[in-house]
file query14.cif (mmCIF, C-alpha atoms)
data_work
#
loop_
_atom_site.label_atom_id
_atom_site.label_comp_id
_atom_site.auth_asym_id
_atom_site.auth_seq_id
_atom_site.Cartn_x
_atom_site.Cartn_y
_atom_site.Cartn_z
CA MET A 91 -19.92 -16.52 -6.02
CA PRO A 92 -21.17 -13.61 -3.92
CA ASP A 93 -24.90 -13.70 -3.29
CA PRO A 94 -26.56 -10.78 -5.16
CA ASP A 95 -29.24 -10.72 -2.46
CA ASP A 96 -26.68 -10.49 0.34
CA PRO A 97 -27.74 -7.53 2.54
CA LEU A 98 -24.10 -6.99 3.55
CA ALA A 99 -22.77 -6.77 -0.01
CA LEU A 100 -21.09 -3.44 -0.82
CA GLY A 101 -21.35 -1.85 -4.25
CA GLU A 102 -17.66 -1.01 -4.44
CA TYR A 103 -16.90 -4.74 -4.49
CA ARG A 104 -19.15 -5.44 -7.47
CA PRO A 105 -16.93 -6.79 -10.28
CA GLY A 106 -15.87 -4.06 -12.67
CA SER A 107 -17.52 -1.25 -10.71
CA ALA A 108 -14.41 0.96 -10.64
CA ALA A 109 -12.56 0.17 -13.88
CA VAL A 110 -11.80 3.41 -15.74
CA LEU A 111 -8.54 2.89 -17.71
CA THR A 112 -7.75 0.80 -20.76
CA ASP A 113 -5.07 -1.88 -20.59
CA ALA A 114 -2.82 0.24 -22.77
CA GLU A 115 -3.07 3.02 -20.19
CA ARG A 116 -2.47 0.64 -17.30
CA TRP A 117 0.68 -0.80 -18.88
CA PRO A 118 2.29 1.63 -21.39
CA THR A 119 4.86 -1.02 -22.37
CA LEU A 120 2.31 -3.80 -22.87
CA ASP A 121 3.25 -6.15 -25.72
CA ALA A 122 1.42 -9.09 -27.30
CA PRO A 123 2.83 -11.85 -25.01
CA ALA A 124 2.02 -9.79 -21.92
CA ALA A 125 -1.51 -9.12 -23.17
CA GLU A 126 -2.03 -12.85 -23.73
CA ARG A 127 -0.69 -13.57 -20.24
CA LEU A 128 -3.16 -11.10 -18.79
CA ARG A 129 -6.03 -12.58 -20.77
CA ARG A 130 -5.17 -16.10 -19.65
CA TRP A 131 -5.42 -15.35 -15.96
CA ARG A 132 -8.41 -13.06 -16.24
CA THR A 133 -10.37 -15.78 -18.01
CA HIS A 134 -8.97 -18.85 -16.25
CA PRO A 135 -11.83 -21.35 -15.86
CA SER A 136 -11.24 -21.65 -12.11
CA ALA A 137 -10.55 -17.98 -11.44
CA PRO A 138 -12.70 -16.05 -8.98
CA ALA A 139 -14.85 -13.17 -10.18
CA TRP A 140 -12.24 -10.42 -10.37
CA VAL A 141 -13.55 -7.27 -8.70
CA HIS A 142 -11.08 -4.70 -9.92
CA ALA A 143 -8.57 -3.91 -12.65
CA THR A 144 -5.32 -2.09 -12.03
CA GLY A 145 -1.89 -1.63 -13.58
CA ASP A 146 1.45 -0.06 -12.72
CA ARG A 147 1.27 2.72 -15.40
CA LEU A 148 5.04 2.65 -15.85
CA THR A 149 6.77 3.96 -18.95
CA ALA A 150 9.99 2.30 -20.12
CA GLU A 151 12.00 5.07 -18.45
CA ALA A 152 10.09 4.68 -15.18
CA ILE A 153 10.65 0.92 -15.20
CA GLU A 154 14.39 1.51 -15.25
CA ARG A 155 14.22 4.12 -12.50
CA THR A 156 12.27 1.85 -10.17
CA ARG A 157 14.84 -0.95 -10.35
CA THR A 158 17.20 1.14 -8.21
CA PRO A 159 16.57 2.19 -4.58
CA LEU A 160 16.39 5.91 -3.87
CA PRO A 161 19.76 7.37 -2.79
CA LEU A 162 20.18 7.81 0.94
CA GLU A 163 22.91 10.43 1.19
CA GLY A 164 21.43 13.66 2.52
CA TRP A 165 17.87 12.38 2.22
CA LEU A 166 16.73 13.55 5.66
CA ASP A 167 17.76 17.18 5.13
CA GLU A 168 16.01 17.18 1.76
CA HIS A 169 12.96 15.54 3.29
CA LEU A 170 12.66 18.11 6.08
CA ALA A 171 13.05 20.94 3.58
CA THR A 172 10.09 19.53 1.65
CA ALA A 173 8.04 19.08 4.81
CA ARG A 174 8.52 22.69 5.94
CA LYS A 175 6.61 23.79 2.81
CA LEU A 176 3.62 21.51 3.40
CA PRO A 177 0.29 23.25 4.08
CA PHE A 178 0.03 21.42 7.40
CA TYR A 179 3.04 23.29 8.81
CA ARG A 180 1.89 26.79 7.87
CA GLY A 181 2.23 28.92 10.96
CA HIS A 182 4.82 26.61 12.52
CA THR A 183 8.15 28.32 13.15
CA GLY A 184 11.53 27.05 14.26
CA LEU A 185 11.33 23.76 12.33
CA ARG A 186 15.08 23.53 11.90
CA THR A 187 15.85 19.93 12.87
CA LEU A 188 13.86 16.72 13.14
CA VAL A 189 13.04 17.13 16.83
CA ASP A 190 11.55 20.59 16.17
CA PHE A 191 8.69 19.00 14.24
CA PRO A 192 5.66 18.09 16.37
CA PRO A 193 4.68 14.42 16.20
CA ILE A 194 1.64 13.77 14.03
CA ALA A 195 -0.87 10.93 14.06
CA ARG A 196 -3.48 9.18 11.95
CA ALA A 197 -6.10 11.71 13.04
CA ASP A 198 -4.11 14.49 11.36
CA LEU A 199 -4.18 12.62 8.05
CA ALA A 200 -7.85 11.77 8.46
CA ALA A 201 -8.67 15.44 9.04
CA ASP A 202 -6.98 16.61 5.82
CA VAL A 203 -4.56 14.34 4.03
CA SER A 204 -4.08 16.95 1.29
CA ALA A 205 -2.28 19.14 3.83
CA PHE A 206 0.59 16.61 3.69
CA VAL A 207 0.90 16.52 -0.12
CA PRO A 208 3.62 18.84 -1.52
CA LEU A 209 2.21 21.72 -3.53
CA ASP A 210 4.55 20.91 -6.42
CA ALA A 211 3.83 17.16 -6.38
CA ASP A 212 3.46 15.43 -9.74
CA LEU A 213 -0.18 14.37 -9.45
CA ASP A 214 -0.04 12.62 -12.82
CA ARG A 215 1.87 9.87 -10.99
CA MET A 216 -0.75 9.50 -8.28
CA LEU A 217 -2.73 6.40 -7.45
CA HIS A 218 -4.87 6.16 -4.37
CA GLY A 219 -5.27 3.39 -1.86
CA THR A 220 -7.07 3.02 1.43
CA SER A 221 -5.80 2.19 4.88
CA SER A 222 -8.44 0.88 7.24
CA GLY A 223 -6.19 0.56 10.28
CA SER A 224 -7.43 -1.18 13.41
CA THR A 225 -9.61 1.66 14.66
CA GLY A 226 -11.21 4.78 13.19
CA ALA A 227 -12.18 5.76 9.69
CA ALA A 228 -10.34 4.58 6.61
CA LEU A 229 -7.73 6.86 5.10
CA VAL A 230 -7.33 7.55 1.41
CA ILE A 231 -3.59 7.54 0.80
CA PRO A 232 -1.96 9.20 -2.23
CA ASP A 233 0.38 6.60 -3.73
CA ASP A 234 3.13 7.31 -6.25
CA VAL A 235 3.31 4.84 -9.15
CA GLU A 236 7.10 4.65 -9.10
CA GLU A 237 7.26 4.21 -5.34
CA VAL A 238 4.73 1.35 -5.52
CA ALA A 239 6.81 -0.36 -8.21
CA ARG A 240 10.00 0.18 -6.24
CA GLY A 241 8.30 -1.60 -3.35
CA PHE A 242 8.10 -4.78 -5.42
CA HIS A 243 11.83 -4.69 -6.03
CA LEU A 244 12.32 -4.24 -2.28
CA LEU A 245 10.55 -7.59 -1.79
CA VAL A 246 12.83 -9.17 -4.39
CA ASP A 247 15.84 -7.84 -2.48
CA LEU A 248 14.53 -9.07 0.87
CA ALA A 249 14.02 -12.52 -0.65
CA ARG A 250 17.59 -12.45 -1.99
CA ARG A 251 18.90 -11.57 1.47
CA ALA A 252 16.99 -14.59 2.77
CA GLY A 253 18.79 -16.81 0.26
CA VAL A 254 16.14 -16.87 -2.47
CA GLU A 255 16.83 -15.86 -6.06
CA TRP A 256 13.49 -14.62 -7.32
CA THR A 257 13.53 -14.19 -11.09
CA PRO A 258 10.80 -14.66 -13.74
CA ASP A 259 10.02 -18.37 -14.13
CA ALA A 260 8.09 -19.39 -17.23
CA GLU A 261 4.38 -18.63 -16.77
CA ARG A 262 4.21 -18.99 -12.99
CA LEU A 263 2.49 -16.07 -11.31
CA ALA A 264 5.29 -13.96 -9.90
CA LEU A 265 3.33 -12.95 -6.82
CA VAL A 266 -0.01 -13.77 -5.26
CA TRP A 267 -1.28 -11.48 -2.55
CA VAL A 268 -3.77 -13.47 -0.49
CA LEU A 269 -6.56 -12.16 1.71
CA GLN A 270 -9.30 -13.86 3.62
CA GLN A 271 -12.28 -11.66 4.26
CA ARG A 272 -15.91 -11.40 3.36
CA GLN A 273 -15.38 -8.91 0.52
CA ALA A 274 -12.15 -7.69 -1.02
CA PHE A 275 -10.66 -5.99 -4.04
CA THR A 276 -9.25 -8.76 -6.23
CA TYR A 277 -7.55 -8.46 -9.60
CA VAL A 278 -4.95 -9.76 -12.02
CA SER A 279 -2.12 -7.43 -12.94
CA LEU A 280 1.25 -7.41 -14.69
CA ILE A 281 4.59 -6.38 -13.19
CA SER A 282 6.24 -4.38 -15.96
CA GLY A 283 9.65 -4.39 -14.29
CA PHE A 284 9.58 -8.19 -13.85
CA ALA A 285 9.39 -9.19 -17.52
CA HIS A 286 5.66 -8.42 -17.54
CA ARG A 287 4.94 -11.47 -15.44
CA ALA A 288 1.49 -11.70 -13.91
CA MET A 289 0.48 -11.29 -10.29
CA ALA A 290 -2.89 -11.49 -8.58
CA ARG A 291 -4.69 -10.32 -5.47
CA VAL A 292 -6.84 -13.26 -4.38
CA ASN A 293 -9.47 -13.68 -1.69
CA LEU A 294 -9.27 -17.15 -0.13
CA ASP A 295 -12.73 -16.85 1.40
CA ALA A 296 -15.03 -19.61 0.11
CA ARG A 297 -17.61 -17.03 -0.98
CA ALA A 298 -15.17 -15.61 -3.55
CA TRP A 299 -15.13 -18.79 -5.66
CA ARG A 300 -17.71 -20.28 -8.02
CA ALA A 301 -17.06 -23.81 -6.79
CA ALA A 302 -15.31 -25.17 -3.71
CA SER A 303 -12.62 -26.87 -5.82
CA ASP A 304 -11.79 -23.74 -7.86
CA ARG A 305 -9.54 -22.26 -5.20
CA SER A 306 -7.02 -25.09 -5.25
CA ARG A 307 -7.29 -25.58 -9.03
CA PHE A 308 -6.55 -21.94 -9.76
CA LEU A 309 -3.63 -21.70 -7.33
CA ALA A 310 -2.19 -25.03 -8.48
CA ASP A 311 -2.15 -23.80 -12.07
CA ALA A 312 -0.84 -20.38 -11.07
CA ASN A 313 1.93 -22.02 -9.02
CA PRO A 314 2.90 -18.62 -7.51
CA GLN A 315 6.58 -18.00 -6.94
CA VAL A 316 5.97 -15.85 -3.87
CA ILE A 317 2.90 -15.44 -1.69
CA SER A 318 2.21 -12.40 0.46
CA GLY A 319 -0.51 -11.86 3.04
CA ASN A 320 -1.31 -11.31 6.68
CA PRO A 321 -1.08 -14.14 9.23
CA THR A 322 -4.79 -14.88 8.92
CA SER A 323 -4.62 -15.47 5.18
CA LEU A 324 -1.23 -17.21 5.31
CA ALA A 325 -2.59 -19.64 7.89
CA GLU A 326 -5.28 -20.61 5.38
CA LEU A 327 -2.51 -21.87 3.08
CA LEU A 328 -2.09 -24.73 5.58
CA SER A 329 -5.53 -26.06 4.59
CA ASP A 330 -5.41 -29.51 3.05
CA ASP A 331 -6.53 -28.30 -0.39
CA LEU A 332 -3.75 -25.70 -0.61
CA ARG A 333 -0.81 -27.14 1.31
CA GLU A 334 -0.28 -29.87 -1.27
CA VAL A 335 -0.43 -27.68 -4.39
CA LEU A 336 1.70 -24.67 -3.41
CA ARG A 337 5.49 -24.52 -3.80
CA PRO A 338 6.48 -20.92 -3.00
CA LEU A 339 10.06 -19.68 -2.96
CA ALA A 340 9.20 -17.39 -0.04
CA LEU A 341 6.29 -16.12 1.99
CA PHE A 342 5.84 -12.50 3.09
CA SER A 343 3.76 -11.66 6.14
CA GLY A 344 2.57 -8.20 7.11
CA ALA A 345 -0.23 -6.01 8.52
CA MET A 346 -0.65 -8.11 11.68
CA ALA A 347 1.63 -9.74 14.25
CA LEU A 348 3.01 -13.11 13.08
CA SER A 349 3.30 -15.58 15.94
CA GLY A 350 6.36 -17.79 16.31
CA PRO A 351 4.39 -21.06 16.13
CA LEU A 352 2.62 -19.99 12.92
CA ARG A 353 5.94 -19.02 11.36
CA ALA A 354 7.31 -22.45 12.26
CA GLU A 355 4.30 -24.24 10.75
CA LEU A 356 4.57 -22.26 7.52
CA GLU A 357 8.31 -22.89 7.24
CA ALA A 358 7.81 -26.61 7.83
CA ALA A 359 4.91 -26.89 5.39
CA PHE A 360 6.48 -25.01 2.50
CA ALA A 361 10.23 -25.37 3.16
CA CYS A 362 10.89 -21.71 2.44
CA PRO A 363 11.72 -18.55 4.39
CA VAL A 364 8.90 -16.55 5.95
CA ILE A 365 9.77 -12.85 5.84
CA ASP A 366 7.87 -10.75 8.35
CA VAL A 367 7.60 -7.12 7.20
CA TYR A 368 6.58 -4.36 9.58
CA GLY A 369 5.12 -1.23 8.05
CA LEU A 370 2.01 0.82 7.45
CA HIS A 371 0.41 1.96 4.22
CA GLU A 372 1.16 5.52 5.33
CA THR A 373 4.87 4.90 5.98
CA ARG A 374 5.60 2.00 3.62
CA PRO A 375 7.80 -0.89 4.87
CA ILE A 376 9.81 0.04 7.95
CA ALA A 377 11.58 -3.11 9.10
CA ALA A 378 11.73 -6.86 8.46
CA ARG A 379 12.88 -10.11 10.02
CA THR A 380 13.26 -13.75 9.02
CA ASP A 381 13.15 -15.17 12.55
CA ASP A 382 11.43 -14.33 15.83
CA GLY A 383 14.05 -11.81 16.95
CA PRO A 384 13.99 -8.02 16.56
CA PHE A 385 12.95 -6.45 13.27
CA ARG A 386 15.83 -4.90 11.33
CA VAL A 387 15.04 -1.35 10.20
CA LEU A 388 15.37 -1.29 6.42
CA ASP A 389 18.19 0.53 4.68
CA ARG A 390 15.94 3.03 2.96
CA ARG A 391 14.45 6.48 3.54
CA VAL A 392 13.00 5.70 6.94
CA LEU A 393 13.99 6.89 10.42
CA VAL A 394 12.51 5.39 13.59
CA GLU A 395 12.12 7.05 16.98
CA ILE A 396 10.49 5.78 20.17
CA LEU A 397 8.38 8.41 21.95
CA ASP A 398 6.49 8.52 25.23
CA ALA A 399 2.88 9.63 25.65
CA ALA A 400 3.94 13.29 25.76
CA GLY A 401 5.81 13.00 22.46
CA ASP A 402 9.30 13.02 23.97
CA PRO A 403 12.00 10.47 23.09
CA VAL A 404 12.40 7.72 25.68
CA SER A 405 15.74 6.51 26.99
CA GLU A 406 17.58 4.01 24.82
CA GLY A 407 16.08 0.54 25.11
CA GLU A 408 12.83 1.67 26.74
CA MET A 409 9.37 0.84 25.43
CA GLY A 410 7.34 3.54 23.75
CA GLU A 411 5.38 4.41 20.64
CA ILE A 412 7.09 3.71 17.32
CA THR A 413 7.30 7.00 15.43
CA VAL A 414 8.47 7.11 11.84
CA THR A 415 9.85 9.72 9.47
CA ALA A 416 9.17 8.29 6.02
CA GLY A 417 10.58 9.64 2.78
CA GLU A 418 9.94 6.96 0.18
CA ASN A 419 6.58 8.27 -1.05
CA PRO A 420 7.04 11.73 -2.61
CA LEU A 421 3.29 12.33 -2.41
CA LEU A 422 3.16 11.84 1.37
CA PRO A 423 6.41 12.97 3.05
CA LEU A 424 5.73 12.21 6.71
CA VAL A 425 7.75 13.57 9.63
CA ARG A 426 7.50 11.95 13.07
CA TYR A 427 4.37 9.95 12.35
CA ARG A 428 3.08 8.15 15.43
CA THR A 429 2.17 4.64 14.30
CA GLY A 430 0.13 3.58 17.32
CA ASP A 431 2.47 0.59 17.65
CA VAL A 432 4.77 -0.03 20.60
CA GLY A 433 8.34 -1.32 20.78
CA ARG A 434 11.89 -0.44 21.73
CA LEU A 435 15.01 0.26 19.72
CA VAL A 436 18.00 -2.09 19.85
CA ARG A 437 21.27 -2.42 17.97
CA PHE A 438 22.39 -5.43 15.97
CA PRO A 439 26.07 -6.46 16.22
CA ASP A 440 26.77 -4.79 12.86
CA GLY A 441 25.34 -1.51 14.15
CA ALA A 442 22.00 -1.68 12.33
CA VAL A 443 18.94 -0.40 14.17
CA GLY A 444 16.30 -2.90 15.24
CA ILE A 445 12.82 -2.84 16.77
CA ALA A 446 12.31 -5.34 19.59
CA ASP A 447 9.18 -6.39 21.51
CA LEU A 448 6.94 -4.92 18.84
CA GLU A 449 3.27 -4.97 19.76
CA GLY A 450 0.74 -3.76 17.22
CA ARG A 451 -1.39 -0.73 17.93
CA GLU A 452 -1.91 0.50 21.47
CA HIS A 453 0.27 -0.78 24.28
CA THR A 454 -2.18 -2.80 26.40
CA GLU A 455 -1.50 -3.62 30.02
CA PHE A 456 -3.30 -6.19 32.16
CA VAL A 457 -3.75 -5.97 35.92
CA THR A 458 -2.90 -8.90 38.17
CA GLY A 459 -4.92 -9.91 41.20
CA SER A 460 -2.40 -8.08 43.38
CA GLY A 461 -2.65 -4.88 41.32
CA VAL A 462 0.56 -5.19 39.31
CA ARG A 463 0.40 -4.08 35.68
CA VAL A 464 1.64 -6.63 33.13
CA PRO A 465 2.44 -5.59 29.52
CA SER A 466 0.79 -7.54 26.71
CA VAL A 467 4.19 -8.73 25.46
CA ASP A 468 4.41 -10.95 28.55
CA LEU A 469 1.18 -12.63 27.53
CA THR A 470 2.45 -12.99 23.95
CA GLN A 471 5.47 -14.92 25.18
CA GLN A 472 3.30 -17.36 27.14
CA LEU A 473 0.81 -17.86 24.35
CA GLN A 474 3.54 -18.52 21.80
CA SER A 475 5.47 -20.83 24.09
CA HIS A 476 2.41 -23.07 24.37
CA GLY A 477 1.84 -23.18 20.63
CA ALA A 478 -0.95 -20.68 20.00
CA LEU A 479 -1.08 -19.59 16.35
CA GLY A 480 -3.28 -16.60 17.09
CA TRP A 481 -5.36 -15.23 19.95
CA SER A 482 -7.64 -12.65 21.46
CA VAL A 483 -7.27 -11.76 25.14
CA VAL A 484 -9.87 -9.60 26.90
CA GLN A 485 -9.81 -8.50 30.53
CA ASP A 486 -13.02 -7.06 31.96
CA ALA A 487 -13.33 -4.44 34.67
CA SER A 488 -13.42 -7.09 37.41
CA GLY A 489 -10.05 -8.45 36.28
CA ALA A 490 -11.38 -11.69 34.80
CA VAL A 491 -9.73 -12.72 31.54
CA ALA A 492 -11.31 -14.39 28.51
CA VAL A 493 -8.92 -15.89 25.96
CA THR A 494 -9.71 -17.24 22.51
CA VAL A 495 -6.93 -19.18 20.81
CA VAL A 496 -6.23 -20.87 17.51
CA GLY A 497 -4.05 -23.91 18.05
CA GLY A 498 -1.84 -24.54 21.05
CA ASP A 499 -2.42 -26.29 24.35
CA ALA A 500 -5.44 -24.56 25.87
CA ALA A 501 -4.99 -26.14 29.30
CA ARG A 502 -1.36 -25.07 29.61
CA ILE A 503 -2.17 -21.61 28.29
CA ARG A 504 -4.80 -21.23 30.98
CA GLU A 505 -2.41 -22.45 33.69
CA ALA A 506 0.33 -20.06 32.55
CA LEU A 507 -1.96 -17.02 32.40
CA VAL A 508 -3.50 -17.80 35.80
CA VAL A 509 0.00 -17.82 37.28
CA LEU A 510 1.00 -14.67 35.39
CA LEU A 511 -2.14 -12.64 36.10
CA GLU A 512 -3.47 -14.14 39.36
CA GLN A 513 -6.92 -13.71 37.86
CA PRO A 514 -9.73 -16.03 36.72
CA VAL A 515 -8.95 -17.11 33.14
CA GLU A 516 -11.22 -18.86 30.67
CA VAL A 517 -9.80 -20.23 27.42
CA GLY A 518 -11.91 -21.00 24.39
CA ARG A 519 -10.87 -22.27 20.99
CA VAL A 520 -11.65 -21.49 17.38
CA ASN A 521 -10.37 -23.45 14.41
CA ARG A 522 -8.92 -20.74 12.18
CA LEU A 523 -7.33 -17.33 12.50
CA ILE A 524 -10.12 -15.84 10.40
CA ASP A 525 -12.52 -16.86 13.19
CA LEU A 526 -10.87 -14.27 15.43
CA GLY A 527 -12.17 -11.54 13.12
CA GLU A 528 -11.55 -10.15 9.67
CA GLY A 529 -8.99 -7.48 8.87
CA LYS A 530 -6.69 -6.54 11.74
CA PRO A 531 -8.48 -7.62 14.93
CA ARG A 532 -7.21 -6.27 18.24
CA ARG A 533 -5.39 -9.09 20.01
CA PHE A 534 -5.40 -7.51 23.47
CA ARG A 535 -8.04 -5.49 25.27
CA SER A 536 -8.26 -4.57 28.90
CA ALA A 537 -10.92 -2.54 30.69
CA THR A 538 -8.38 -1.96 33.47
CA SER A 539 -5.84 -0.13 31.22
#
call {"tool": "encode", "arguments": {"input": "query14.cif", "output": "structure tokens"}}
result
Amino acid sequence: MPDPDDPLALGEYRPGSAAVLTDAERWPTLDAPAAERLRRWRTHPSAPAWVHATGDRLTAEAIERTRTPLPLEGWLDEHLATARKLPFYRGHTGLRTLVDFPPIARADLAADVSAFVPLDADLDRMLHGTSSGSTGAALVIPDDVEEVARGFHLLVDLARRAGVEWTPDAERLALVWVLQQRQAFTYVSLISGFAHRAMARVNLDARAWRAASDRSRFLADANPQVISGNPTSLAELLSDDLREVLRPLALFSGAMALSGPLRAELEAAFACPVIDVYGLHETRPIAARTDDGPFRVLDRRVLVEILDAAGDPVSEGEMGEITVTAGENPLLPLVRYRTGDVGRLVRFPDGAVGIADLEGREHTEFVTGSGVRVPSVDLTQQLQSHGALGWSVVQDASGAVAVTVVGGDAARIREALVVLLEQPVEVGRVNRLIDLGEGKPRRFRSATS
């Protein structure tokens, strides 16, 4: 249990501090079996202290609407027409086509997110969530209840495409979203559009549990069908107390880069597909992959461009900043949103658009002893090839490089990076991904960039 005398404890994570709705308001279609299901998991003897309470707020009509993806025909024209009326674009003229819109960035949302909310938006459907990002202040994002629910059905469809039929199964938790951090919002909820089956957001950190054995006991009883998390929290599933009790149909990874070796370990341990989803809270899911190749841009209201530092499109196949026009969330219709991530566009044999060589956040370059600049993706390839599950690489102003790795062959990693960078390289080890830092730690930093 969290220590009440902990000087780092935050009030917003005190159990029950933000609950304002009744269960009937959270789930308008709640029936007696669903209410009992909710009670069971809220009061499970091995459950953690739930911090929050939330529900999907879907009426019966909304449940049916969210089972179907939004139509794609003509969506971009409609989206741009909506965007032209946003307060943010007052005073802008000549916004006729996509390329006429100036690229925007996180700072624009942080300055005034309300300027991107349509004036005629249905605010009765609004939830709010936060996006901490990897740098800067957190954003409060207006979420639409139907769009959030439709996102669950997207996961079901991605699992189906990976060969997994994900349907309600007795009293198993349909989904467990795992985190591993000092403090987190945790809760039990019901998925109205999935036969009111339960799901939970669970913090795997030892401080979140009353007793050390509760974590495995709760998850063994929950027997979640699907588990979602970032690579740090998914790696914790490989712990001895969890590996033996979990039997997921699929794993979803997001928010941070998933290394090839970690994917392989997860696939071997749980004998199920690992679906890597690329997206931001602001844009919603953008692309996904089930191997270590390019991400396939999803067949939904999303359009991806690659721009240079000046905001101009790069030549086909060149690296640049991933910029997204996102039309799934009616409360935040974004046009040409610069993600801060770097990659290049490719084409799959069937013509679908892909994102290759994706590196999260800023594009970091390292300088060799002879003055040549090396992109961070080259280091990623070496680290993965020698088995690292996660890493942090820092180059100081003198050119010296300090590497911290989880897993892998430290000696061979050092040898490879010395050859690649022609610089002094020190390699240290930590035992777990969480030891690299909570949240979304920067994997590459260079004072020479």
call {"tool": "closest_residue", "arguments": {"input": "query14.cif", "among": "A:Leu185, A:Asp389, A:Pro465, A:Glu408", "to": "Pro159 in chain A", "atoms": "only C-alpha atoms"}}
result
A:Asp389
call {"tool": "residues_around", "arguments": {"input": "query14.cif", "residues": "range 128-138 of chain A", "least_positions_apart": "2", "cutoff": "12 Å", "atoms": "all atoms listed in the file", "output": "PyMOL selection string"}}
result
chain A and resi 91-92+105+113+116-117+120-126+140-145+261-263+274-282+286-312
call {"tool": "atom_distance", "arguments": {"input": "query14.cif", "atom1": "CA of Pro384 in chain A", "atom2": "CA of Leu523 in chain A"}}
result
23.6 Å
call {"tool": "closest_residue", "arguments": {"input": "query14.cif", "among": "A:Leu188, A:Ala201, A:Leu422, A:Val484", "to": "Asp167 in chain A", "atoms": "all atoms listed in the file"}}
result
A:Leu188
call {"tool": "resolve_selection", "arguments": {"input": "query14.cif", "expression": "the PyMOL selection byres ((chain A and resi 237) around 12)", "output": "ChimeraX atom specification"}}
result
/A:146-148,152-153,155-160,215-217,232-236,238-244,371,373-375,391,417-422
call {"tool": "write_last_selection", "arguments": {"input": "query14.cif", "atoms": "C-alpha atoms", "output": "PDB file, in the coordinates of the input"}}
result
ATOM      1  CA  ASP A 146       1.450  -0.060 -12.720  1.00  0.00           C
ATOM      2  CA  ARG A 147       1.270   2.720 -15.400  1.00  0.00           C
ATOM      3  CA  LEU A 148       5.040   2.650 -15.850  1.00  0.00           C
ATOM      4  CA  ALA A 152      10.090   4.680 -15.180  1.00  0.00           C
ATOM      5  CA  ILE A 153      10.650   0.920 -15.200  1.00  0.00           C
ATOM      6  CA  ARG A 155      14.220   4.120 -12.500  1.00  0.00           C
ATOM      7  CA  THR A 156      12.270   1.850 -10.170  1.00  0.00           C
ATOM      8  CA  ARG A 157      14.840  -0.950 -10.350  1.00  0.00           C
ATOM      9  CA  THR A 158      17.200   1.140  -8.210  1.00  0.00           C
ATOM     10  CA  PRO A 159      16.570   2.190  -4.580  1.00  0.00           C
ATOM     11  CA  LEU A 160      16.390   5.910  -3.870  1.00  0.00           C
ATOM     12  CA  ARG A 215       1.870   9.870 -10.990  1.00  0.00           C
ATOM     13  CA  MET A 216      -0.750   9.500  -8.280  1.00  0.00           C
ATOM     14  CA  LEU A 217      -2.730   6.400  -7.450  1.00  0.00           C
ATOM     15  CA  PRO A 232      -1.960   9.200  -2.230  1.00  0.00           C
ATOM     16  CA  ASP A 233       0.380   6.600  -3.730  1.00  0.00           C
ATOM     17  CA  ASP A 234       3.130   7.310  -6.250  1.00  0.00           C
ATOM     18  CA  VAL A 235       3.310   4.840  -9.150  1.00  0.00           C
ATOM     19  CA  GLU A 236       7.100   4.650  -9.100  1.00  0.00           C
ATOM     20  CA  VAL A 238       4.730   1.350  -5.520  1.00  0.00           C
ATOM     21  CA  ALA A 239       6.810  -0.360  -8.210  1.00  0.00           C
ATOM     22  CA  ARG A 240      10.000   0.180  -6.240  1.00  0.00           C
ATOM     23  CA  GLY A 241       8.300  -1.600  -3.350  1.00  0.00           C
ATOM     24  CA  PHE A 242       8.100  -4.780  -5.420  1.00  0.00           C
ATOM     25  CA  HIS A 243      11.830  -4.690  -6.030  1.00  0.00           C
ATOM     26  CA  LEU A 244      12.320  -4.240  -2.280  1.00  0.00           C
ATOM     27  CA  HIS A 371       0.410   1.960   4.220  1.00  0.00           C
ATOM     28  CA  THR A 373       4.870   4.900   5.980  1.00  0.00           C
ATOM     29  CA  ARG A 374       5.600   2.000   3.620  1.00  0.00           C
ATOM     30  CA  PRO A 375       7.800  -0.890   4.870  1.00  0.00           C
ATOM     31  CA  ARG A 391      14.450   6.480   3.540  1.00  0.00           C
ATOM     32  CA  GLY A 417      10.580   9.640   2.780  1.00  0.00           C
ATOM     33  CA  GLU A 418       9.940   6.960   0.180  1.00  0.00           C
ATOM     34  CA  ASN A 419       6.580   8.270  -1.050  1.00  0.00           C
ATOM     35  CA  PRO A 420       7.040  11.730  -2.610  1.00  0.00           C
ATOM     36  CA  LEU A 421       3.290  12.330  -2.410  1.00  0.00           C
ATOM     37  CA  LEU A 422       3.160  11.840   1.370  1.00  0.00           C
TER      38      LEU A 422
END
call {"tool": "resolve_selection", "arguments": {"input": "query14.cif", "expression": "the PyMOL selection byres ((chain A and resi 502) around 12)", "output": "VMD selection string"}}
result
chain A and resid 472 to 478 495 497 to 501 503 to 509 515 to 517
call {"tool": "write_last_selection", "arguments": {"input": "query14.cif", "atoms": "C-alpha atoms", "output": "short mmCIF file (atom, residue, chain, number, x, y, z; two decimals), keeping the file's coordinate frame"}}
result
data_model
loop_
_atom_site.label_atom_id
_atom_site.label_comp_id
_atom_site.auth_asym_id
_atom_site.auth_seq_id
_atom_site.Cartn_x
_atom_site.Cartn_y
_atom_site.Cartn_z
CA GLN A 472 3.30 -17.36 27.14
CA LEU A 473 0.81 -17.86 24.35
CA GLN A 474 3.54 -18.52 21.80
CA SER A 475 5.47 -20.83 24.09
CA HIS A 476 2.41 -23.07 24.37
CA GLY A 477 1.84 -23.18 20.63
CA ALA A 478 -0.95 -20.68 20.00
CA VAL A 495 -6.93 -19.18 20.81
CA GLY A 497 -4.05 -23.91 18.05
CA GLY A 498 -1.84 -24.54 21.05
CA ASP A 499 -2.42 -26.29 24.35
CA ALA A 500 -5.44 -24.56 25.87
CA ALA A 501 -4.99 -26.14 29.30
CA ILE A 503 -2.17 -21.61 28.29
CA ARG A 504 -4.80 -21.23 30.98
CA GLU A 505 -2.41 -22.45 33.69
CA ALA A 506 0.33 -20.06 32.55
CA LEU A 507 -1.96 -17.02 32.40
CA VAL A 508 -3.50 -17.80 35.80
CA VAL A 509 0.00 -17.82 37.28
CA VAL A 515 -8.95 -17.11 33.14
CA GLU A 516 -11.22 -18.86 30.67
CA VAL A 517 -9.80 -20.23 27.42
#
